[in-house]
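Chemist: Here you go, final_17.csv (CSV, C-alpha atoms):
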```csv
chain,number,residue,atom,x,y,z
U,1,MET,CA,-70.7,20.5,-59.2
U,2,PRO,CA,-69.6,17.1,-60.6
U,3,ASP,CA,-68.8,16.8,-64.3
U,4,LEU,CA,-71.1,14.6,-66.4
U,5,PRO,CA,-69.6,11.7,-68.3
U,6,GLN,CA,-69.0,12.2,-72.0
U,7,LEU,CA,-71.0,9.1,-73.0
U,8,ALA,CA,-74.7,9.7,-73.2
U,9,ALA,CA,-75.4,6.1,-72.1
U,10,GLU,CA,-73.5,6.8,-68.8
U,11,VAL,CA,-75.5,10.0,-68.4
U,12,GLU,CA,-78.7,8.2,-68.9
U,13,LYS,CA,-77.9,5.7,-66.1
U,14,ILE,CA,-77.1,8.6,-63.8
U,15,VAL,CA,-80.4,10.2,-64.6
U,16,ARG,CA,-82.5,7.0,-64.2
U,17,ASP,CA,-80.8,6.2,-60.8
U,18,ALA,CA,-81.4,9.8,-59.7
U,19,LEU,CA,-85.1,9.6,-60.8
U,20,VAL,CA,-85.5,6.4,-58.7
U,21,ALA,CA,-84.0,8.1,-55.7
U,22,HIS,CA,-85.9,11.3,-56.1
U,23,LEU,CA,-89.3,9.7,-56.8
U,24,SER,CA,-89.1,7.0,-54.1
U,25,ALA,CA,-88.4,9.5,-51.3
U,26,ARG,CA,-91.5,10.0,-49.2
U,27,LEU,CA,-93.7,7.8,-51.3
U,28,ALA,CA,-95.1,4.5,-50.0
U,29,LEU,CA,-94.4,2.5,-53.1
U,30,ASN,CA,-91.8,0.4,-54.9
U,31,VAL,CA,-90.0,2.2,-57.7
U,32,ILE,CA,-88.5,-0.1,-60.4
U,33,PRO,CA,-86.1,1.4,-63.0
U,34,HIS,CA,-87.0,-0.9,-65.9
U,35,ARG,CA,-89.9,-2.7,-67.5
U,36,VAL,CA,-91.2,-5.8,-65.9
U,37,TRP,CA,-93.4,-8.7,-66.7
U,38,VAL,CA,-95.2,-10.5,-63.9
U,39,ASP,CA,-97.0,-13.8,-64.0
U,40,GLY,CA,-98.7,-14.8,-60.8
U,41,GLU,CA,-99.0,-13.4,-57.2
U,42,ALA,CA,-95.9,-15.0,-55.9
U,43,GLU,CA,-93.8,-13.4,-58.6
U,44,ALA,CA,-95.7,-10.1,-58.2
U,45,VAL,CA,-94.6,-10.0,-54.5
U,46,ARG,CA,-91.0,-10.9,-55.5
U,47,VAL,CA,-90.7,-8.4,-58.4
U,48,LEU,CA,-93.1,-5.6,-57.4
U,49,GLY,CA,-92.9,-5.7,-53.6
U,50,ASP,CA,-96.1,-5.3,-51.5
U,51,VAL,CA,-97.4,-3.1,-48.8
U,52,GLN,CA,-99.2,-4.6,-45.8
U,53,VAL,CA,-102.2,-2.5,-44.8
U,54,GLU,CA,-104.6,-3.9,-42.1
U,55,SER,CA,-103.0,-7.3,-42.7
U,56,LYS,CA,-104.0,-7.2,-46.4
U,57,ARG,CA,-101.5,-7.2,-49.3
U,58,GLU,CA,-101.6,-4.1,-51.5
U,59,PHE,CA,-99.4,-3.4,-54.5
U,60,ARG,CA,-98.1,0.1,-55.2
U,61,VAL,CA,-95.5,0.3,-57.9
U,62,LEU,CA,-94.0,2.9,-60.2
U,63,ILE,CA,-92.1,1.7,-63.2
U,64,ILE,CA,-89.6,4.1,-64.8
U,65,ASP,CA,-88.7,3.1,-68.4
U,66,PHE,CA,-86.2,4.8,-70.7
U,67,ALA,CA,-88.3,5.9,-73.7
U,68,GLY,CA,-85.6,7.6,-75.9
U,69,PHE,CA,-84.0,10.9,-76.5
U,70,SER,CA,-84.5,14.1,-78.5
U,71,ASP,CA,-81.9,16.6,-79.6
U,72,THR,CA,-82.6,20.3,-79.2
U,73,ASP,CA,-81.4,23.2,-81.3
U,74,ALA,CA,-79.3,24.4,-78.4
U,75,GLY,CA,-75.6,23.7,-78.0
U,76,CYS,CA,-73.3,23.0,-80.9
U,77,ASP,CA,-73.8,20.6,-83.8
U,78,ASP,CA,-71.5,17.9,-82.5
U,79,ASN,CA,-72.5,18.2,-78.9
U,80,PRO,CA,-76.1,19.4,-78.7
U,81,VAL,CA,-78.3,19.8,-75.6
U,82,TYR,CA,-80.6,16.9,-75.5
U,83,LYS,CA,-83.6,15.5,-73.6
U,84,LEU,CA,-83.8,12.0,-72.1
U,85,ASN,CA,-87.4,10.9,-72.1
U,86,TYR,CA,-89.0,8.4,-69.7
U,87,ALA,CA,-92.3,6.6,-69.6
U,88,LEU,CA,-93.6,6.2,-66.0
U,89,LYS,CA,-96.4,3.8,-65.0
U,90,LEU,CA,-98.1,3.9,-61.6
U,91,SER,CA,-100.2,1.0,-60.5
U,92,VAL,CA,-102.1,0.7,-57.3
U,93,SER,CA,-104.1,-2.5,-56.5
U,94,LYS,CA,-107.8,-2.1,-55.9
U,95,VAL,CA,-108.9,-2.1,-52.3
U,96,ASP,CA,-112.4,-1.4,-51.0
U,97,ALA,CA,-112.9,0.7,-48.0
U,98,ARG,CA,-110.3,0.1,-45.2
U,99,GLY,CA,-111.0,0.4,-41.5
U,100,ASP,CA,-110.2,4.1,-41.6
U,101,GLY,CA,-112.7,4.7,-44.4
U,102,SER,CA,-110.0,5.2,-47.1
U,103,SER,CA,-109.7,3.1,-50.3
U,104,SER,CA,-107.3,2.5,-53.1
U,105,THR,CA,-108.8,5.5,-54.9
U,106,ASP,CA,-107.6,7.7,-52.1
U,107,THR,CA,-104.1,6.1,-52.3
U,108,PHE,CA,-104.0,6.4,-56.1
U,109,ALA,CA,-105.0,10.1,-56.1
U,110,TRP,CA,-102.5,10.9,-53.4
U,111,LEU,CA,-99.7,9.2,-55.3
U,112,VAL,CA,-100.6,10.8,-58.6
U,113,LEU,CA,-100.6,14.2,-57.1
U,114,GLU,CA,-97.5,13.6,-55.0
U,115,LEU,CA,-95.6,12.5,-58.2
U,116,ARG,CA,-96.7,15.7,-59.8
U,117,ASP,CA,-95.4,17.7,-56.9
U,118,ARG,CA,-92.1,15.8,-56.8
U,119,CYS,CA,-91.5,16.7,-60.5
U,120,LEU,CA,-92.3,20.4,-60.3
U,121,PRO,CA,-89.1,22.2,-61.2
U,122,THR,CA,-88.6,24.0,-57.9
U,123,LEU,CA,-85.2,25.3,-56.8
U,124,GLU,CA,-84.9,22.3,-54.5
U,125,VAL,CA,-85.3,19.6,-57.2
U,126,ARG,CA,-84.8,21.4,-60.5
U,127,HIS,CA,-81.3,19.8,-61.0
U,128,LEU,CA,-81.0,16.1,-60.5
U,129,ALA,CA,-78.3,14.4,-58.4
U,130,GLY,CA,-76.4,17.7,-57.8
U,131,TYR,CA,-75.7,18.2,-61.5
U,132,GLU,CA,-76.6,21.6,-62.8
U,133,GLN,CA,-76.5,20.2,-66.3
U,134,LEU,CA,-79.5,17.9,-65.6
U,135,THR,CA,-82.8,19.9,-65.6
U,136,LEU,CA,-86.0,18.1,-64.6
U,137,GLU,CA,-89.0,19.1,-66.7
U,138,ARG,CA,-92.6,18.9,-65.6
U,139,LEU,CA,-94.3,15.5,-65.4
U,140,ARG,CA,-97.2,15.0,-67.9
U,141,GLN,CA,-99.9,12.5,-67.3
U,142,THR,CA,-100.8,10.7,-70.5
U,143,SER,CA,-103.5,8.2,-69.4
U,144,ASN,CA,-105.5,6.9,-66.6
U,145,SER,CA,-107.4,3.5,-66.3
U,146,PHE,CA,-109.0,1.1,-63.9
U,147,GLY,CA,-108.9,-2.7,-64.4
U,148,ARG,CA,-106.2,-5.4,-65.0
U,149,ASP,CA,-102.9,-4.2,-66.3
U,150,GLU,CA,-102.2,-6.8,-68.9
U,151,GLU,CA,-99.2,-5.0,-70.2
U,152,ASP,CA,-96.8,-5.1,-67.3
U,153,THR,CA,-97.8,-5.8,-63.7
U,154,THR,CA,-101.0,-7.8,-64.0
U,155,ILE,CA,-102.3,-5.7,-61.0
U,156,PHE,CA,-106.0,-5.2,-60.9
U,157,GLY,CA,-106.6,-1.6,-59.9
U,158,HIS,CA,-105.8,1.9,-60.8
U,159,HIS,CA,-103.2,2.8,-63.4
U,160,ALA,CA,-101.7,6.0,-64.7
U,161,THR,CA,-99.0,6.6,-67.3
U,162,PHE,CA,-96.8,9.7,-67.4
U,163,GLN,CA,-94.0,11.2,-69.5
U,164,LEU,CA,-91.0,12.9,-68.0
U,165,SER,CA,-88.0,14.5,-69.6
U,166,VAL,CA,-84.7,15.6,-68.3
U,167,GLU,CA,-82.8,18.2,-70.3
U,168,VAL,CA,-79.1,17.4,-70.5
U,169,HIS,CA,-76.5,20.1,-71.1
U,170,PRO,CA,-73.4,18.0,-71.9
U,171,SER,CA,-70.0,18.8,-70.6
U,172,GLU,CA,-67.7,20.4,-73.2
U,173,ARG,CA,-65.7,17.8,-75.1
U,174,SER,CA,-61.9,18.0,-74.6
```
Can the structure in the file be given as structure tokens, please?
Modeler:
Amino acid sequence: MPDLPQLAAEVEKIVRDALVAHLSARLALNVIPHRVWVDGEAEAVRVLGDVQVESKREFRVLIIDFAGFSDTDAGCDDNPVYKLNYALKLSVSKVDARGDGSSSTDTFAWLVLELRDRCLPTLEVRHLAGYEQLTLERLRQTSNSFGRDEEDTTIFGHHATFQLSVEVHPSERS
């Protein structure tokens, strides 16, 4: 088991990179580890990436944004166990029925539920990036909407926001 760095900012970077790797595995979407602002389709393709389905452009993106921390009562006063909190936003562009009968609603539902499954604290994924000190907590969906995302991506389609926390048991200070 590797040791965590002493600096919380270095730990946060390890956690965010691990979340990107973990959540992008097996999912047909682009995972971005920071907030974005997109203005226009050309920039959307450059920043968000796109998926070609039946020669049509579709956008499927998950943004992972650091949302802060919270100390717990565990650990000692000068080195408490803490949680790193993340806001996640999933956006899937609207697509009417495809040739196979599926639609963007099917894709959105699959991605939401797959994200849920990827964040269940099973033995396989309970600890991130091989660190026993990094414990993944359950994903919580906080909103769901359909329309234009004016806040980040400008994608017209399905959107969901989530909260995810990772509990950090810091290494003992020397």
Chemist: Pick the closest to Ala74 in chain U from U:Arg98, U:Arg35, U:His169, U:Lys89: which is it, counting all atoms listed in the file?
Modeler: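 Nearest to Ala74 in chain U: U:His169.
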Chemist: Determine, using only C-alpha atoms, which residues of range 89-164 of chain U have any atom at most 10 Å from an atom of range 8-17 of chain U, and tabulate each with its shortest atom pair and distance in Å to one decimal place, rows ordered by chain and then rising number, as a Markdown table.
Modeler:
```
| residue | atom | partner | partner_atom | distance |
| --- | --- | --- | --- | --- |
| U:Leu128 | CA | U:Val15 | CA | 7.2 |
| U:Ala129 | CA | U:Val15 | CA | 7.8 |
| U:Tyr131 | CA | U:Val15 | CA | 9.8 |
| U:Leu134 | CA | U:Val15 | CA | 7.8 |
| U:Leu136 | CA | U:Val15 | CA | 9.7 |
```
Chemist: Using CA of Ala160 in chain U and CA of Ser145 in chain U as the two end points, give the distance in Å to one decimal.
Modeler: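 These two atoms are separated by 6.4 Å.
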Chemist: Identify which of the residues U:Glu151, U:Glu58, U:Asp3, U:Asp65 lies closest to Val20 in chain U, counting only C-alpha atoms when measuring atom-to-atom distances.
Modeler: U:Asp65
Chemist: Quick one: residues within 6 Å of Leu88 in chain U, only C-alpha atoms counted, chain neighbours fewer than 2 positions away excluded, as a list in words?
Modeler: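 The neighbour list is Ile63, Ile64, Thr161 and Phe162 of chain U.
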Chemist: I'd like to know which of U:Ser165, U:Thr72, U:Ser24, U:Asn79 is closest to Leu111 in chain U, using all atoms listed in the file.
Modeler: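 Checking each of U:Ser165, U:Thr72, U:Ser24, U:Asn79 against Leu111 in chain U, counting all atoms listed in the file, the winner is U:Ser24.
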Chemist: Record the distance separating CA of Gly147 in chain U and CA of Trp110 in chain U, expressed in Å with one decimal.
Modeler: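 So the two atoms, CA of Gly147 in chain U and CA of Trp110 in chain U, lie 18.6 Å apart.
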Chemist: Would you please work out which residue, of U:Val168, U:Val31, U:Ala97, U:Leu113, is nearest to Gln6 in chain U when using all atoms listed in the file?
Modeler: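 Distance minimum relative to Gln6 in chain U lands on U:Val168.
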Chemist: Considering all atoms listed in the file, state which residue in the set U:Arg140, U:His159, U:His127, U:Lys94 is at the smallest distance from Leu115 in chain U.
Modeler: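 Residue with the minimum atom-to-atom distance to Leu115 in chain U: U:Arg140.
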Chemist: Which residue out of U:Leu62, U:Val81, U:Val166, U:Leu27 has the minimum interatomic distance to Asp117 in chain U when all atoms listed in the file are used?
Modeler: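 When distances to Asp117 in chain U are compared using all atoms listed in the file, the smallest one comes from U:Leu27.
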Chemist: Please indicate the distance in Å from CA of Ile32 in chain U to CA of Gly157 in chain U, rounded to one decimal place.
Modeler: 18.2 Å
Chemist: Please write a file for range 80-94 of chain U, taken from the block I just shared, that holds N, CA and C atoms and is laid out as a compact mmCIF listing (two decimals), in the first residue's frame.
Modeler:
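Written out: decode26.txt:
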```txt
# COMPACT_ATOMS: atom_id res chain seq x y z
N PRO U 80 -6.95 15.26 11.50
CA PRO U 80 -8.22 14.53 11.50
C PRO U 80 -8.48 13.78 10.19
N VAL U 81 -9.32 12.76 10.31
CA VAL U 81 -9.87 12.12 9.12
C VAL U 81 -10.78 13.16 8.47
N TYR U 82 -10.73 13.27 7.14
CA TYR U 82 -11.56 14.27 6.46
C TYR U 82 -12.16 13.69 5.20
N LYS U 83 -13.14 14.40 4.68
CA LYS U 83 -13.80 13.99 3.45
C LYS U 83 -13.51 15.03 2.37
N LEU U 84 -13.17 14.55 1.19
CA LEU U 84 -13.07 15.40 0.02
C LEU U 84 -14.39 15.25 -0.73
N ASN U 85 -15.03 16.37 -1.02
CA ASN U 85 -16.36 16.36 -1.62
C ASN U 85 -16.28 16.83 -3.07
N TYR U 86 -17.05 16.16 -3.91
CA TYR U 86 -17.04 16.44 -5.34
C TYR U 86 -18.47 16.61 -5.85
N ALA U 87 -18.63 17.56 -6.76
CA ALA U 87 -19.88 17.73 -7.49
C ALA U 87 -19.67 17.14 -8.88
N LEU U 88 -20.55 16.25 -9.29
CA LEU U 88 -20.46 15.64 -10.60
C LEU U 88 -21.67 16.07 -11.42
N LYS U 89 -21.44 16.32 -12.69
CA LYS U 89 -22.55 16.68 -13.58
C LYS U 89 -22.47 15.83 -14.84
N LEU U 90 -23.54 15.10 -15.10
CA LEU U 90 -23.66 14.28 -16.29
C LEU U 90 -24.56 14.99 -17.28
N SER U 91 -24.10 15.12 -18.53
CA SER U 91 -24.93 15.70 -19.59
C SER U 91 -24.90 14.78 -20.80
N VAL U 92 -26.08 14.50 -21.34
CA VAL U 92 -26.24 13.66 -22.52
C VAL U 92 -27.14 14.41 -23.49
N SER U 93 -26.62 14.66 -24.72
CA SER U 93 -27.41 15.44 -25.68
C SER U 93 -28.65 14.67 -26.12
N LYS U 94 -29.71 15.44 -26.39
CA LYS U 94 -30.99 14.86 -26.81
C LYS U 94 -30.86 14.24 -28.19
```
